[in-house]
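Enquirer: Coordinates in structure-v3.txt, compact mmCIF, C-alpha atoms, are listed below.
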```
# COMPACT_ATOMS: atom_id res chain seq x y z
CA PRO Q 1 103.01 47.38 43.96
CA LEU Q 2 103.85 46.77 47.60
CA TYR Q 3 107.23 48.52 47.18
CA PHE Q 4 105.54 51.44 45.44
CA PHE Q 5 102.98 51.74 48.25
CA THR Q 6 105.71 51.68 50.93
CA MET Q 7 107.75 54.27 49.01
CA THR Q 8 104.72 56.54 48.72
CA GLN Q 9 104.10 56.28 52.46
CA GLN Q 10 107.74 57.16 53.21
CA THR Q 11 107.61 60.15 50.86
CA THR Q 12 104.41 61.41 52.48
CA THR Q 13 105.99 61.13 55.93
CA LEU Q 14 109.15 62.93 54.80
CA ALA Q 15 107.09 65.71 53.22
CA ALA Q 16 105.14 66.20 56.49
CA ARG Q 17 108.39 66.41 58.48
CA PHE Q 18 109.75 68.87 55.93
CA ARG Q 19 106.73 71.14 56.35
CA GLU Q 20 107.21 71.03 60.13
CA ALA Q 21 110.89 72.01 59.80
CA GLN Q 22 109.94 74.83 57.41
CA GLY Q 23 107.61 76.17 60.08
CA LEU Q 24 110.50 76.25 62.57
CA VAL Q 25 112.62 78.32 60.16
CA GLU Q 26 109.78 80.77 59.62
CA SER Q 27 109.05 80.99 63.38
CA ASN Q 28 112.63 82.14 64.21
CA ASP Q 29 113.81 78.84 65.71
CA PRO Q 30 116.68 78.11 63.28
CA ALA Q 31 118.72 75.91 65.64
CA GLN Q 32 115.82 73.48 66.11
CA ALA Q 33 115.12 73.65 62.38
CA VAL Q 34 118.73 72.67 61.58
CA GLU Q 35 118.46 69.62 63.82
CA LYS Q 36 115.24 68.43 62.16
CA LEU Q 37 116.36 69.25 58.61
CA GLU Q 38 119.67 67.40 59.01
CA GLY Q 39 117.84 64.32 60.31
CA LEU Q 40 115.44 64.60 57.39
CA GLN Q 41 118.35 64.91 54.96
CA LYS Q 42 119.83 61.63 56.22
CA ASP Q 43 116.50 59.85 55.75
CA VAL Q 44 116.09 61.25 52.22
CA SER Q 45 119.57 59.97 51.34
CA ALA Q 46 118.82 56.60 52.93
CA VAL Q 47 115.79 55.97 50.70
CA ALA Q 48 117.62 57.36 47.61
CA LEU Q 49 114.76 59.68 46.83
CA PHE Q 50 116.69 61.55 44.13
CA SER Q 51 119.07 60.28 41.49
CA SER Q 52 121.69 62.18 39.54
CA ASN Q 53 120.50 60.81 36.18
CA GLU Q 54 116.82 61.73 36.46
CA SER Q 55 115.01 64.83 35.23
CA VAL Q 56 112.19 66.74 36.82
CA GLU Q 57 109.61 64.61 34.98
CA ASP Q 58 110.87 61.57 36.91
CA VAL Q 59 110.23 63.20 40.33
CA SER Q 60 106.76 62.72 41.85
CA ASN Q 61 104.62 65.55 43.18
CA ALA Q 62 105.10 64.28 46.74
CA SER Q 63 108.91 64.26 46.42
CA LEU Q 64 109.31 67.51 44.49
CA PRO Q 65 109.06 69.91 47.52
CA LEU Q 66 111.95 68.02 49.18
CA VAL Q 67 114.26 69.35 46.46
CA ALA Q 68 114.32 72.60 48.49
CA LEU Q 69 115.59 70.84 51.63
CA ASP Q 70 119.16 72.12 51.21
CA HIS Q 71 117.86 75.65 50.58
CA HIS Q 72 115.94 75.77 53.87
CA LEU Q 73 118.88 74.17 55.69
CA ALA Q 74 121.12 76.95 54.37
CA ILE Q 75 118.62 79.62 55.46
CA ALA Q 76 118.48 78.06 58.94
CA TYR Q 77 122.28 77.99 59.30
CA SER Q 78 122.62 81.63 58.23
CA SER Q 79 119.87 82.65 60.68
CA ILE Q 80 121.35 81.06 63.82
CA PRO Q 81 122.35 83.83 66.28
CA THR Q 82 125.96 83.56 67.42
CA VAL Q 83 128.20 85.38 69.89
CA LYS Q 84 131.66 84.41 68.65
CA PRO Q 85 132.73 85.35 65.10
CA LYS Q 86 134.30 81.90 64.57
CA GLU Q 87 130.89 80.30 65.09
CA ARG Q 88 129.36 82.76 62.62
CA LYS Q 89 132.06 81.91 60.07
CA ARG Q 90 131.39 78.18 60.43
CA ASN Q 91 127.63 78.71 59.94
CA LEU Q 92 128.18 80.90 56.87
CA LEU Q 93 130.43 78.28 55.26
CA LYS Q 94 127.83 75.58 55.90
CA ALA Q 95 125.12 77.81 54.46
CA THR Q 96 127.08 78.32 51.22
CA ASP Q 97 127.62 74.55 50.94
CA HIS Q 98 123.88 73.91 51.21
CA PHE Q 99 123.00 76.74 48.80
CA SER Q 100 125.44 75.20 46.33
CA ALA Q 101 123.90 71.73 46.79
CA PHE Q 102 120.40 73.13 46.25
CA LEU Q 103 121.27 75.03 43.06
CA GLU Q 104 123.23 72.03 41.77
CA ARG Q 105 120.17 69.81 42.33
CA LEU Q 106 118.00 72.26 40.37
CA SER Q 107 120.58 72.28 37.57
CA LEU Q 108 120.62 68.48 37.39
CA LEU Q 109 116.83 68.41 37.26
CA GLU Q 110 116.99 71.00 34.44
CA ILE Q 111 114.69 73.45 36.22
CA LEU Q 112 117.33 76.13 36.99
CA ASP Q 113 116.91 79.18 34.76
CA PRO Q 114 119.95 79.63 32.43
CA GLU Q 115 120.51 83.16 33.73
CA TYR Q 116 120.59 81.94 37.34
CA LYS Q 117 122.78 79.01 36.27
CA GLN Q 118 125.36 81.51 35.02
CA GLU Q 119 125.23 83.44 38.32
CA TYR Q 120 125.54 80.14 40.20
CA ASP Q 121 128.67 79.24 38.21
CA GLU Q 122 130.14 82.66 39.02
CA LEU Q 123 129.43 82.21 42.73
CA LEU Q 124 131.20 78.84 42.68
CA GLN Q 125 134.39 80.63 41.62
CA VAL Q 126 134.39 82.78 44.77
CA ASN Q 127 136.73 81.48 47.48
CA LEU Q 128 135.47 82.89 50.76
CA GLU Q 129 138.71 82.06 52.58
CA GLU Q 130 140.72 84.20 50.13
CA LEU Q 131 138.10 86.90 49.63
CA ALA Q 132 139.50 90.43 49.86
CA SER Q 133 136.67 92.48 48.40
CA SER Q 134 133.06 91.53 47.75
CA THR Q 135 132.06 94.42 45.49
CA SER Q 136 133.26 92.77 42.27
CA HIS Q 137 130.85 89.85 42.73
CA MET Q 138 127.74 91.98 43.07
CA ASN Q 139 125.60 92.90 40.06
CA ARG Q 140 123.03 95.52 40.97
CA GLU Q 141 121.12 95.25 37.68
CA ALA Q 142 120.84 91.47 38.00
CA LYS Q 143 119.62 91.80 41.57
CA ILE Q 144 116.93 94.28 40.55
CA ALA Q 145 115.86 91.97 37.70
CA ARG Q 146 115.63 89.06 40.15
CA PHE Q 147 113.54 91.14 42.52
CA ARG Q 148 111.06 92.04 39.79
CA ALA Q 149 110.90 88.47 38.50
CA LYS Q 150 110.37 87.18 42.03
CA LYS Q 151 107.55 89.65 42.58
CA GLU Q 152 105.84 88.56 39.35
CA LEU Q 153 106.29 84.88 40.22
CA GLN Q 154 104.84 85.46 43.68
CA GLN Q 155 101.74 87.00 42.11
CA GLN Q 156 101.36 83.97 39.85
CA LEU Q 157 101.85 81.72 42.85
CA ASP Q 158 99.12 83.52 44.80
CA ALA Q 159 96.74 83.23 41.83
CA LEU Q 160 97.37 79.49 41.52
CA GLN Q 161 96.92 78.99 45.26
CA SER Q 162 93.62 80.88 45.09
CA LEU Q 163 92.56 78.58 42.23
CA ARG Q 164 93.37 75.51 44.31
CA ASP Q 165 91.47 76.89 47.31
CA ARG Q 166 88.48 77.47 45.02
CA ARG Q 167 88.65 73.88 43.79
CA HIS Q 168 88.53 72.66 47.38
CA ARG Q 169 85.57 74.90 48.19
CA LEU Q 170 83.68 73.58 45.17
CA GLY Q 171 84.51 69.98 46.11
CA LEU Q 172 85.97 69.08 42.68
CA GLU Q 173 87.59 65.69 42.15
CA SER Q 174 91.35 65.68 41.61
CA GLU Q 175 91.03 64.69 37.95
CA GLU Q 176 88.45 67.38 37.14
CA GLU Q 177 89.89 70.40 35.37
CA MET Q 178 89.37 74.07 36.17
CA ASP Q 179 91.08 76.83 34.18
CA GLY Q 180 93.17 74.22 32.39
CA HIS Q 181 94.43 72.48 35.55
CA ASP Q 182 93.52 69.33 37.38
CA ASP Q 183 94.67 69.04 41.00
CA ASP Q 184 97.95 67.19 40.24
CA SER Q 185 99.09 69.60 37.54
CA LEU Q 186 98.14 72.55 39.74
CA VAL Q 187 100.16 71.24 42.68
CA ARG Q 188 103.14 70.54 40.43
CA THR Q 189 103.04 74.01 38.91
CA LEU Q 190 102.86 75.56 42.39
CA THR Q 191 105.88 73.57 43.55
CA LEU Q 192 107.98 74.37 40.47
CA LYS Q 193 107.30 78.09 40.79
CA SER Q 194 108.18 77.90 44.50
CA LEU Q 195 111.49 76.24 43.61
CA THR Q 196 112.23 79.01 41.12
CA ILE Q 197 111.59 81.64 43.81
CA SER Q 198 113.83 79.68 46.19
CA SER Q 199 116.62 79.69 43.58
CA MET Q 200 116.43 83.51 43.43
CA GLU Q 201 116.53 83.71 47.23
CA ALA Q 202 119.51 81.32 47.33
CA ILE Q 203 121.55 83.53 44.98
CA ASP Q 204 120.64 86.67 46.95
CA GLU Q 205 121.52 85.06 50.28
CA TRP Q 206 124.78 83.65 48.91
CA GLN Q 207 125.80 87.10 47.71
CA GLN Q 208 124.86 88.53 51.12
CA ILE Q 209 127.20 86.00 52.74
CA ILE Q 210 130.00 87.11 50.39
CA ARG Q 211 129.47 90.69 51.59
CA GLU Q 212 129.43 89.67 55.26
CA PHE Q 213 132.35 87.24 55.23
CA PRO Q 214 135.23 89.81 55.15
CA MET Q 215 133.74 91.57 58.20
CA VAL Q 216 133.53 88.26 60.08
CA GLU Q 217 137.17 87.52 59.20
CA MET Q 218 138.15 90.96 60.49
CA GLN Q 219 136.32 90.32 63.76
CA ILE Q 220 138.17 87.01 64.16
CA LYS Q 221 141.55 88.71 63.65
CA MET Q 222 140.69 91.46 66.15
CA GLU Q 223 139.61 88.84 68.69
CA GLU Q 224 142.87 86.93 68.21
CA GLN Q 225 144.91 90.13 68.60
CA ARG Q 226 143.10 90.98 71.82
CA GLY Q 227 143.69 87.46 73.09
CA GLY Q 228 147.41 87.66 72.26
CA GLY Q 229 147.75 91.01 73.99
CA ASP Q 230 146.05 89.70 77.11
CA ALA Q 231 148.36 86.67 77.16
CA ARG Q 232 151.46 88.88 76.91
CA ARG Q 233 150.28 91.13 79.70
CA GLY Q 234 149.36 88.17 81.86
CA GLY Q 235 152.80 86.48 81.52
CA ASP Q 236 152.97 82.95 82.91
CA SER Q 237 150.10 83.42 85.29
CA GLY Q 238 147.53 82.50 82.63
CA GLY Q 239 146.87 86.01 81.29
CA GLY Q 240 144.14 86.84 83.78
CA PRO Q 241 143.92 90.12 85.69
CA PRO Q 242 145.64 90.29 89.08
CA PRO Q 243 143.41 89.50 92.07
CA ARG Q 244 141.75 92.48 93.72
CA SER Q 245 142.87 93.44 97.19
CA GLN Q 246 140.19 93.31 99.86
CA GLU Q 247 141.75 96.25 101.71
CA PRO Q 248 140.33 99.73 101.02
CA MET Q 249 142.42 102.19 99.02
CA LYS Q 250 144.30 104.72 101.13
CA LEU Q 251 144.72 108.40 100.24
CA THR Q 252 147.26 110.77 101.80
CA HIS Q 253 146.55 114.55 101.93
CA ILE Q 254 149.64 116.76 102.27
CA THR Q 255 149.02 120.44 103.01
CA LYS Q 256 151.23 123.31 104.24
CA ASP Q 257 150.39 125.53 107.20
CA ASN Q 258 150.73 129.14 106.04
CA MET Q 259 151.57 130.38 109.55
CA THR Q 260 154.25 127.89 110.64
CA GLY Q 261 155.31 126.50 107.26
CA GLN Q 262 154.96 122.94 108.56
CA LEU Q 263 153.53 120.16 106.41
CA ASN Q 264 150.29 118.54 107.58
CA ILE Q 265 149.84 114.93 106.58
CA ARG Q 266 146.38 113.36 106.82
CA LYS Q 267 145.62 109.79 105.73
CA GLU Q 268 142.16 108.81 104.55
CA GLU Q 269 140.71 105.49 103.42
CA ILE Q 270 138.66 105.62 100.25
CA ARG Q 271 135.60 103.51 100.76
CA SER Q 272 133.51 101.85 98.10
CA GLN Q 273 130.93 104.65 98.11
CA VAL Q 274 133.50 106.91 96.44
CA PHE Q 275 132.92 104.97 93.23
CA ARG Q 276 129.21 105.67 93.10
CA PRO Q 277 127.83 107.02 89.80
CA GLY Q 278 128.08 110.77 89.36
CA TRP Q 279 124.32 111.20 88.85
CA ASN Q 280 121.65 111.12 91.52
CA GLN Q 281 120.36 107.66 92.31
CA PRO Q 282 116.64 106.95 92.88
CA THR Q 283 115.56 107.32 96.50
CA MET Q 284 112.26 105.45 96.20
CA SER Q 285 110.57 102.85 94.06
CA LEU Q 286 107.96 103.62 91.40
CA GLU Q 287 105.26 102.22 93.69
CA GLU Q 288 106.31 104.54 96.52
CA LEU Q 289 106.36 107.51 94.11
CA GLY Q 290 102.85 106.64 92.90
CA ASP Q 291 101.53 106.44 96.47
CA ARG Q 292 103.18 109.75 97.31
CA GLU Q 293 101.68 111.54 94.30
CA MET Q 294 98.27 110.03 95.03
CA ASN Q 295 98.35 111.33 98.62
CA GLU Q 296 99.45 114.78 97.42
CA ALA Q 297 96.60 114.86 94.90
CA ILE Q 298 94.08 113.95 97.63
CA GLU Q 299 95.45 116.68 99.89
CA ARG Q 300 95.26 119.27 97.08
CA GLU Q 301 91.67 118.32 96.38
CA ALA Q 302 90.77 118.66 100.07
CA ARG Q 303 92.45 122.09 100.31
CA GLN Q 304 90.66 123.23 97.17
CA LYS Q 305 87.29 122.21 98.60
CA VAL Q 306 88.02 124.07 101.85
CA ALA Q 307 89.07 127.18 99.91
CA GLU Q 308 85.93 127.07 97.78
CA GLU Q 309 83.79 126.69 100.88
CA ASN Q 310 85.51 129.65 102.56
CA ASN Q 311 85.15 131.85 99.50
CA LYS Q 312 81.52 130.89 98.99
CA ASP Q 313 80.24 133.94 100.83
CA GLY Q 314 83.12 136.22 99.81
CA PRO Q 315 82.55 139.37 97.70
CA ARG Q 316 82.77 139.07 93.93
CA ARG Q 317 81.62 140.93 90.86
CA TYR Q 318 77.93 140.85 89.93
CA ASP Q 319 78.35 138.78 86.76
CA GLN Q 320 80.10 136.10 88.86
CA LEU Q 321 77.19 136.19 91.33
CA VAL Q 322 74.76 135.58 88.48
CA LYS Q 323 76.89 132.70 87.27
CA ASP Q 324 76.93 131.16 90.77
CA GLY Q 325 73.14 131.69 91.17
CA MET Q 326 73.57 134.02 94.22
CA GLU Q 327 72.18 137.26 92.78
CA ASP Q 328 69.39 137.18 95.43
CA ASN Q 329 71.87 137.63 98.30
CA ALA Q 330 71.52 141.36 99.15
CA ALA Q 331 74.81 141.57 101.08
CA LEU Q 332 76.79 140.05 98.27
CA VAL Q 333 75.01 142.22 95.69
CA GLU Q 334 75.95 145.35 97.66
CA ALA Q 335 79.55 144.20 97.97
CA SER Q 336 79.65 143.38 94.28
CA ALA Q 337 78.43 146.91 93.43
CA LYS Q 338 81.50 148.35 95.13
CA LEU Q 339 83.77 145.95 93.25
CA ASP Q 340 82.14 146.88 89.95
CA ARG Q 341 82.51 150.63 90.68
CA ASP Q 342 86.17 150.19 91.57
CA TRP Q 343 86.71 148.23 88.36
CA ASP Q 344 84.97 150.93 86.27
CA ASP Q 345 87.06 153.65 87.93
CA TRP Q 346 90.27 151.75 87.15
CA LYS Q 347 89.25 151.39 83.50
CA ASP Q 348 88.51 155.12 83.29
CA GLN Q 349 91.95 155.92 84.71
CA ASN Q 350 93.65 153.40 82.41
CA PRO Q 351 91.95 153.58 79.02
CA LYS Q 352 92.56 150.82 76.56
CA GLY Q 353 95.81 151.29 74.65
CA SER Q 354 97.35 153.68 77.15
CA GLY Q 355 100.30 151.42 77.91
CA ASN Q 356 103.73 151.51 76.33
CA LYS Q 357 103.71 151.23 72.57
CA MET Q 358 106.41 149.81 70.34
CA GLY Q 359 106.20 153.07 68.40
CA ASP Q 360 107.39 154.99 71.50
CA ARG Q 361 110.69 153.19 71.45
CA GLY Q 362 113.83 154.62 69.96
CA ASP Q 363 114.76 158.13 68.92
CA ARG Q 364 111.73 160.19 67.80
CA ASN Q 365 113.97 162.28 65.53
CA PHE Q 366 114.08 159.42 63.06
```
Take the structure in the file and write it out as structure tokens.
Expert:
Amino acid sequence: PLYFFTMTQQTTTLAARFREAQGLVESNDPAQAVEKLEGLQKDVSAVALFSSNESVEDVSNASLPLVALDHHLAIAYSSIPTVKPKERKRNLLKATDHFSAFLERLSLLEILDPEYKQEYDELLQVNLEELASSTSHMNREAKIARFRAKKELQQQLDALQSLRDRRHRLGLESEEEMDGHDDDSLVRTLTLKSLTISSMEAIDEWQQIIREFPMVEMQIKMEEQRGGGDARRGGDSGGGPPPRSQEPMKLTHITKDNMTGQLNIRKEEIRSQVFRPGWNQPTMSLEELGDREMNEAIEREARQKVAEENNKDGPRRYDQLVKDGMEDNAALVEASAKLDRDWDDWKDQNPKGSGNKMGDRGDRNF
């Protein structure tokens, strides 16, 4: 009993650490997740949590989620951002090793679907180092079928999780049943369905690596060719570029005098400003531009107020006087009468529609 209690405590601690590492993978911190998952993997091996001769019925609910440890470790390795293609290649190879270990564990526990077991066996036959083309290993119909099955499983998973949340809200005991499940059977069903979804993701990700690997190999070869070319150009000096001279470049202008026929030679030093960009550079900061536009806006507003004040008593048409409330100003009314008469005279001299017409264009004989 004491050993069983200690083992249960260890499993609970490992499961908590596993959930923490899963959170790091989902929060886009794969490098930190790899470190924690590899430490967790050593501890799982140290306590011999899984055995090669046991089935899924022999694995406890607390230990069952740890079956997916290799899967999440593979996802973390394939998600680590890299600069050099050799580093990317190393991470992809490690990811395939962990995907293989995960699917093999599911197969030993007899919870890997026979269809996915067949795809897993086919993936094991692919040698990434000798891969020339990845198209022959892709099955579009199988991928679509996996996608649909994964979607259906996810809906079932959500329904079971909702059922468990409802049990907690109602405060049911773990042995009490609801919809045919007590708490232990519900947790186990949730975990098994999650492992099935992870197996689908592992196959998809493995196939994605097969598609990516030839491109990574090509990048490595291109990098090696560039490195070899640089070494040949560099000779024995280490392949680096020659040191830059601190002296300015000198330019010689040679022209011919049309009158005397003599050559005129003029030397000029090319300074660093010759190599400025061909487009206009900014002459002020954004803050200075904002202050400048603000001052211009204030000046425009002041000029507009002055203009309005000056035009306040200026002549205008009568309808504008009414609008401004100045129809009682006799001088302005008299001035507006003249403006209105002039406007009426202009309209009489230029009746509506008297301008050029499109119909007047062209030859009238046609």
Enquirer: Go ahead and compute the interatomic distance for atom CA of Q:Ile197 and atom CA of Q:Ala149, in Å to one decimal.
Expert: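 About the pair atom CA of Q:Ile197 and atom CA of Q:Ala149: they are 8.7 Å apart.
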Enquirer: Residues at most 10 Å from Q:Arg88, counting only C-alpha atoms, excluding those fewer than 2 positions away in the same chain, as a list in words?
Expert: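 Contacts, with the query itself left out: Tyr77, Ser78, Ser79, Ile80, Pro81, Thr82, Val83, Lys84, Pro85, Lys86, Arg90, Asn91, Leu92, Leu93, Lys94, Phe213, Val216, Glu217 and Ile220 of chain Q.
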Enquirer: Just the selected residues (C-alpha atoms), exported as a short mmCIF file (atom, residue, chain, number, x, y, z; two decimals), keeping the file's coordinate frame, please.
Expert:
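Output saved as part_2.cif:
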```cif
data_model
loop_
_atom_site.label_atom_id
_atom_site.label_comp_id
_atom_site.auth_asym_id
_atom_site.auth_seq_id
_atom_site.Cartn_x
_atom_site.Cartn_y
_atom_site.Cartn_z
CA TYR Q 77 122.28 77.99 59.30
CA SER Q 78 122.62 81.63 58.23
CA SER Q 79 119.87 82.65 60.68
CA ILE Q 80 121.35 81.06 63.82
CA PRO Q 81 122.35 83.83 66.28
CA THR Q 82 125.96 83.56 67.42
CA VAL Q 83 128.20 85.38 69.89
CA LYS Q 84 131.66 84.41 68.65
CA PRO Q 85 132.73 85.35 65.10
CA LYS Q 86 134.30 81.90 64.57
CA ARG Q 90 131.39 78.18 60.43
CA ASN Q 91 127.63 78.71 59.94
CA LEU Q 92 128.18 80.90 56.87
CA LEU Q 93 130.43 78.28 55.26
CA LYS Q 94 127.83 75.58 55.90
CA PHE Q 213 132.35 87.24 55.23
CA VAL Q 216 133.53 88.26 60.08
CA GLU Q 217 137.17 87.52 59.20
CA ILE Q 220 138.17 87.01 64.16
#
```
Enquirer: Write out as a PyMOL selection string each polymer residue whose atoms come within 10 Å of Q:Lys150, counting only C-alpha atoms; drop sequence neighbours fewer than 2 positions from it.
Expert: chain Q and resi 144-148+152-156+193-194+196-201
Enquirer: To one decimal place in Å, what is the distance between atom CA of Q:Arg19 and atom CA of Q:Asp179?
Expert: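 Taking atom CA of Q:Arg19 and atom CA of Q:Asp179, their separation equals 27.7 Å.
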Enquirer: Quote the spacing between atom CA of Q:Asp121 and atom CA of Q:Val67 in Å to one decimal place.
Expert: 19.3 Å
Enquirer: Using only C-alpha atoms, pick whichever of Q:Glu288, Q:Leu190, Q:Glu176, Q:Glu38 has the shortest atom-to-atom distance to Q:Ser162.
Expert: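 Checking each of Q:Glu288, Q:Leu190, Q:Glu176, Q:Glu38 against Q:Ser162, counting only C-alpha atoms, the winner is Q:Leu190.
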Enquirer: For stretch 11-18 of chain Q, please output as a short mmCIF file (atom, residue, chain, number, x, y, z; two decimals) with C-alpha atoms, keeping the file's coordinate frame all residues within 8 Å (counting all atoms listed in the file; exclusion window: fewer than 6 positions along the same chain).
Expert:
```cif
data_model
loop_
_atom_site.label_atom_id
_atom_site.label_comp_id
_atom_site.auth_asym_id
_atom_site.auth_seq_id
_atom_site.Cartn_x
_atom_site.Cartn_y
_atom_site.Cartn_z
CA LEU Q 37 116.36 69.25 58.61
CA LEU Q 40 115.44 64.60 57.39
CA VAL Q 44 116.09 61.25 52.22
CA ALA Q 62 105.10 64.28 46.74
CA SER Q 63 108.91 64.26 46.42
CA PRO Q 65 109.06 69.91 47.52
CA LEU Q 66 111.95 68.02 49.18
CA LEU Q 69 115.59 70.84 51.63
#
```
Enquirer: Can you report as AutoDock Vina command-line options the centre and edge lengths in Å, to one decimal, of an axis-aligned box around the listed atoms of stretch 337-351 of chain Q padded with 4 Å on each side?
Expert:
```
--center_x 86.0 --center_y 150.9 --center_z 87.1 --size_x 23.2 --size_y 18.0 --size_z 24.1
```
Enquirer: Could you name the residues that touch Q:Lys312 at 12 Å or less, counting all atoms listed in the file, but leaving out those on the same chain fewer than 3 positions away, as a short mmCIF file (atom, residue, chain, number, x, y, z; two decimals) with C-alpha atoms, in the frame of the given file?
Expert:
```
data_model
loop_
_atom_site.label_atom_id
_atom_site.label_comp_id
_atom_site.auth_asym_id
_atom_site.auth_seq_id
_atom_site.Cartn_x
_atom_site.Cartn_y
_atom_site.Cartn_z
CA LYS Q 305 87.29 122.21 98.60
CA VAL Q 306 88.02 124.07 101.85
CA ALA Q 307 89.07 127.18 99.91
CA GLU Q 308 85.93 127.07 97.78
CA GLU Q 309 83.79 126.69 100.88
CA PRO Q 315 82.55 139.37 97.70
CA ARG Q 316 82.77 139.07 93.93
CA GLN Q 320 80.10 136.10 88.86
CA LEU Q 321 77.19 136.19 91.33
CA ASP Q 324 76.93 131.16 90.77
CA GLY Q 325 73.14 131.69 91.17
CA MET Q 326 73.57 134.02 94.22
CA ASN Q 329 71.87 137.63 98.30
CA LEU Q 332 76.79 140.05 98.27
#
```
Enquirer: Given only C-alpha atoms as the basis, pick out the residue of Q:Ser285, Q:Leu108, Q:Glu57, Q:Ser45 nearest to Q:Ser185.
Expert: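 Among Q:Ser285, Q:Leu108, Q:Glu57, Q:Ser45, it is Q:Glu57 that comes nearest to Q:Ser185.
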